[in-house]
Amino acid sequence: MRVKVSTTFNSSADKVWALVRKSDTLLFVTRGFLGFSGSHRFPPEWREGSTENTRLMFFGLIPAWRHSITFQEIDDSKRVLFTKEGGGLVPVWNHLIQVTPEQNETCSYTDDVEVKAGVLTLLVWLYANIFYRYRQFRWRLLLRRTPQHA
């Protein structure tokens, strides 16, 4: 099943794209909903071809399963980041982030996620819908805190 959530940010595509590439951004936009054990070992900026292994922490506190994130594609010209992820109860969680410039220094930001979890797929799909809406809410907070030239 797929989850696709898009929003328009009052920020330039270049600024948003620069933030997409940073591991600190992932930690900020998921904080309170999902954490990552060992995230202090994440590189400052994601690298195409790299794989990060972590333990998911629901609400930042409840340990879940081991999760692997492989950065399949990071394309600066298209502003696309694609990860193949999975682990534990959710063997497939493939995530595409796309940032598209719009008018007047705004941009469209899209999370497009494929989830497969056997009999739990519908439940995981529902979770992902809530999770990505939460992430985009947190993105708005981050963009208000980050200077426009950052």
# chains A, B, ... in the order shown; residues from 1 in each chain; ligands from 1
$ residues_around --residues "Lys4 of chain A" --least-positions-apart "2" --cutoff "8 Å" --atoms "only C-alpha atoms" --output "list in words"
Arg2, Ser6, Thr110, Asp111, Asp112 and Val113 of chain A
$ residues_around --residues "Glu105 of chain A" --least-positions-apart "3" --cutoff "7 Å" --atoms "only C-alpha atoms" --output "list in words"
Asn10, Ser11, Ser12 and Glu102 of chain A
$ write_last_selection --atoms "all heavy atoms" --output "PDB file, in the first residue's frame"
ATOM      1  N   ASN A  10       6.248  27.630   2.808  1.00  0.00           N
ATOM      2  CA  ASN A  10       6.604  29.012   2.488  1.00  0.00           C
ATOM      3  C   ASN A  10       8.106  29.178   2.654  1.00  0.00           C
ATOM      4  O   ASN A  10       8.582  29.950   3.484  1.00  0.00           O
ATOM      5  CB  ASN A  10       5.838  29.993   3.378  1.00  0.00           C
ATOM      6  CG  ASN A  10       4.378  30.020   3.045  1.00  0.00           C
ATOM      7  OD1 ASN A  10       4.009  29.942   1.871  1.00  0.00           O
ATOM      8  ND2 ASN A  10       3.540  30.103   4.055  1.00  0.00           N
ATOM      9  N   SER A  11       8.824  28.429   1.864  1.00  0.00           N
ATOM     10  CA  SER A  11      10.273  28.442   1.910  1.00  0.00           C
ATOM     11  C   SER A  11      10.785  27.992   0.546  1.00  0.00           C
ATOM     12  O   SER A  11      10.089  27.292  -0.187  1.00  0.00           O
ATOM     13  CB  SER A  11      10.755  27.485   3.000  1.00  0.00           C
ATOM     14  OG  SER A  11      12.128  27.641   3.214  1.00  0.00           O
ATOM     15  N   SER A  12      11.999  28.373   0.233  1.00  0.00           N
ATOM     16  CA  SER A  12      12.548  28.008  -1.072  1.00  0.00           C
ATOM     17  C   SER A  12      12.840  26.508  -1.134  1.00  0.00           C
ATOM     18  O   SER A  12      13.148  25.868  -0.120  1.00  0.00           O
ATOM     19  CB  SER A  12      13.829  28.791  -1.355  1.00  0.00           C
ATOM     20  OG  SER A  12      14.886  28.295  -0.563  1.00  0.00           O
ATOM     21  N   GLU A 102       8.078  26.122  -6.406  1.00  0.00           N
ATOM     22  CA  GLU A 102       6.837  26.737  -6.871  1.00  0.00           C
ATOM     23  C   GLU A 102       7.063  28.234  -6.972  1.00  0.00           C
ATOM     24  O   GLU A 102       8.193  28.698  -6.918  1.00  0.00           O
ATOM     25  CB  GLU A 102       5.679  26.382  -5.935  1.00  0.00           C
ATOM     26  CG  GLU A 102       5.325  24.900  -5.995  1.00  0.00           C
ATOM     27  CD  GLU A 102       4.092  24.536  -5.190  1.00  0.00           C
ATOM     28  OE1 GLU A 102       3.605  25.374  -4.393  1.00  0.00           O
ATOM     29  OE2 GLU A 102       3.612  23.408  -5.364  1.00  0.00           O
TER      30      GLU A 102
END
$ residues_around --residues "Arg135 of chain A" --least-positions-apart "5" --cutoff "9 Å" --atoms "only C-alpha atoms" --output "ChimeraX atom specification"
/A:26,28-31,33,130,140
$ residues_around --residues "segment 83-85 of chain A" --least-positions-apart "2" --cutoff "12 Å" --atoms "only C-alpha atoms" --output "number ranges by chain"
A: 21, 46-54, 56, 66-75, 80-81, 87-98, 111-116
$ write_last_selection --atoms "N, CA and C atoms" --output "compact mmCIF listing (two decimals), in the first residue's frame"
# COMPACT_ATOMS: atom_id res chain seq x y z
N ARG A 21 18.53 16.70 3.43
CA ARG A 21 19.76 15.91 3.39
C ARG A 21 20.42 15.73 4.76
N TRP A 46 23.15 12.83 4.87
CA TRP A 46 22.93 11.51 4.27
C TRP A 46 23.79 11.36 3.02
N ARG A 47 24.24 10.12 2.76
CA ARG A 47 25.07 9.83 1.60
C ARG A 47 24.43 8.72 0.77
N GLU A 48 24.32 8.95 -0.52
CA GLU A 48 23.78 7.93 -1.42
C GLU A 48 24.61 6.65 -1.31
N GLY A 49 23.92 5.52 -1.24
CA GLY A 49 24.58 4.23 -1.14
C GLY A 49 24.84 3.77 0.28
N SER A 50 24.71 4.66 1.25
CA SER A 50 24.98 4.27 2.64
C SER A 50 23.76 3.60 3.26
N THR A 51 24.02 2.82 4.30
CA THR A 51 22.96 2.16 5.06
C THR A 51 23.14 2.48 6.53
N GLU A 52 22.06 2.85 7.18
CA GLU A 52 22.06 3.10 8.61
C GLU A 52 21.17 2.06 9.28
N ASN A 53 21.68 1.46 10.35
CA ASN A 53 20.92 0.48 11.12
C ASN A 53 20.63 1.07 12.49
N THR A 54 19.41 0.91 12.94
CA THR A 54 18.98 1.52 14.18
C THR A 54 17.89 0.66 14.82
N LEU A 56 14.15 1.24 16.28
CA LEU A 56 13.09 2.24 16.37
C LEU A 56 12.63 2.36 17.82
N ARG A 66 14.64 -3.68 15.14
CA ARG A 66 15.77 -3.14 14.38
C ARG A 66 15.25 -2.73 13.00
N HIS A 67 15.77 -1.61 12.52
CA HIS A 67 15.30 -1.03 11.27
C HIS A 67 16.52 -0.62 10.45
N SER A 68 16.48 -0.88 9.16
CA SER A 68 17.57 -0.55 8.25
C SER A 68 17.09 0.49 7.24
N ILE A 69 17.93 1.50 7.01
CA ILE A 69 17.63 2.56 6.05
C ILE A 69 18.78 2.61 5.04
N THR A 70 18.48 2.30 3.79
CA THR A 70 19.49 2.38 2.73
C THR A 70 19.13 3.54 1.80
N PHE A 71 20.07 4.43 1.62
CA PHE A 71 19.87 5.62 0.78
C PHE A 71 20.17 5.26 -0.67
N GLN A 72 19.13 4.85 -1.39
CA GLN A 72 19.26 4.38 -2.76
C GLN A 72 19.60 5.51 -3.73
N GLU A 73 18.95 6.66 -3.52
CA GLU A 73 19.14 7.79 -4.46
C GLU A 73 19.05 9.10 -3.69
N ILE A 74 20.02 9.96 -3.95
CA ILE A 74 19.98 11.34 -3.48
C ILE A 74 20.38 12.18 -4.68
N ASP A 75 19.41 12.83 -5.29
CA ASP A 75 19.64 13.57 -6.54
C ASP A 75 19.39 15.05 -6.31
N VAL A 80 15.42 14.85 -5.05
CA VAL A 80 14.76 13.59 -4.72
C VAL A 80 15.68 12.78 -3.80
N LEU A 81 15.10 12.26 -2.73
CA LEU A 81 15.80 11.33 -1.84
C LEU A 81 14.93 10.09 -1.73
N GLY A 87 12.34 -3.67 8.47
CA GLY A 87 12.81 -4.42 9.63
C GLY A 87 11.64 -4.88 10.46
N GLY A 88 11.87 -5.88 11.28
CA GLY A 88 10.85 -6.34 12.21
C GLY A 88 9.53 -6.67 11.56
N LEU A 89 8.46 -6.09 12.07
CA LEU A 89 7.12 -6.34 11.58
C LEU A 89 6.82 -5.68 10.23
N VAL A 90 7.72 -4.80 9.80
CA VAL A 90 7.49 -4.05 8.56
C VAL A 90 8.70 -4.25 7.63
N PRO A 91 8.68 -5.32 6.83
CA PRO A 91 9.84 -5.60 5.98
C PRO A 91 10.04 -4.61 4.83
N VAL A 92 8.98 -3.90 4.42
CA VAL A 92 9.12 -2.91 3.34
C VAL A 92 8.53 -1.58 3.78
N TRP A 93 9.38 -0.56 3.79
CA TRP A 93 8.99 0.82 4.08
C TRP A 93 9.88 1.66 3.17
N ASN A 94 9.50 1.78 1.92
CA ASN A 94 10.30 2.51 0.94
C ASN A 94 9.77 3.94 0.83
N HIS A 95 10.66 4.90 0.99
CA HIS A 95 10.26 6.29 1.17
C HIS A 95 10.92 7.19 0.13
N LEU A 96 10.09 7.91 -0.61
CA LEU A 96 10.56 8.90 -1.57
C LEU A 96 10.19 10.28 -1.05
N ILE A 97 11.17 11.16 -0.96
CA ILE A 97 10.94 12.57 -0.63
C ILE A 97 11.24 13.37 -1.88
N GLN A 98 10.33 14.26 -2.25
CA GLN A 98 10.56 15.12 -3.41
C GLN A 98 10.22 16.55 -3.04
N ASP A 111 6.02 13.38 0.68
CA ASP A 111 6.45 12.08 1.20
C ASP A 111 5.60 11.04 0.49
N ASP A 112 6.24 10.10 -0.19
CA ASP A 112 5.55 9.03 -0.90
C ASP A 112 6.15 7.72 -0.38
N VAL A 113 5.33 6.91 0.28
CA VAL A 113 5.84 5.74 0.99
C VAL A 113 5.08 4.48 0.58
N GLU A 114 5.84 3.44 0.31
CA GLU A 114 5.29 2.12 0.06
C GLU A 114 5.52 1.28 1.32
N VAL A 115 4.43 0.69 1.84
CA VAL A 115 4.56 -0.17 3.02
C VAL A 115 4.01 -1.56 2.72
N LYS A 116 4.73 -2.56 3.23
CA LYS A 116 4.29 -3.95 3.15
C LYS A 116 4.60 -4.60 4.49
$ atom_distance --atom1 "atom CA of Trp17 of chain A" --atom2 "atom CA of Asp76 of chain A"
8.0 Å
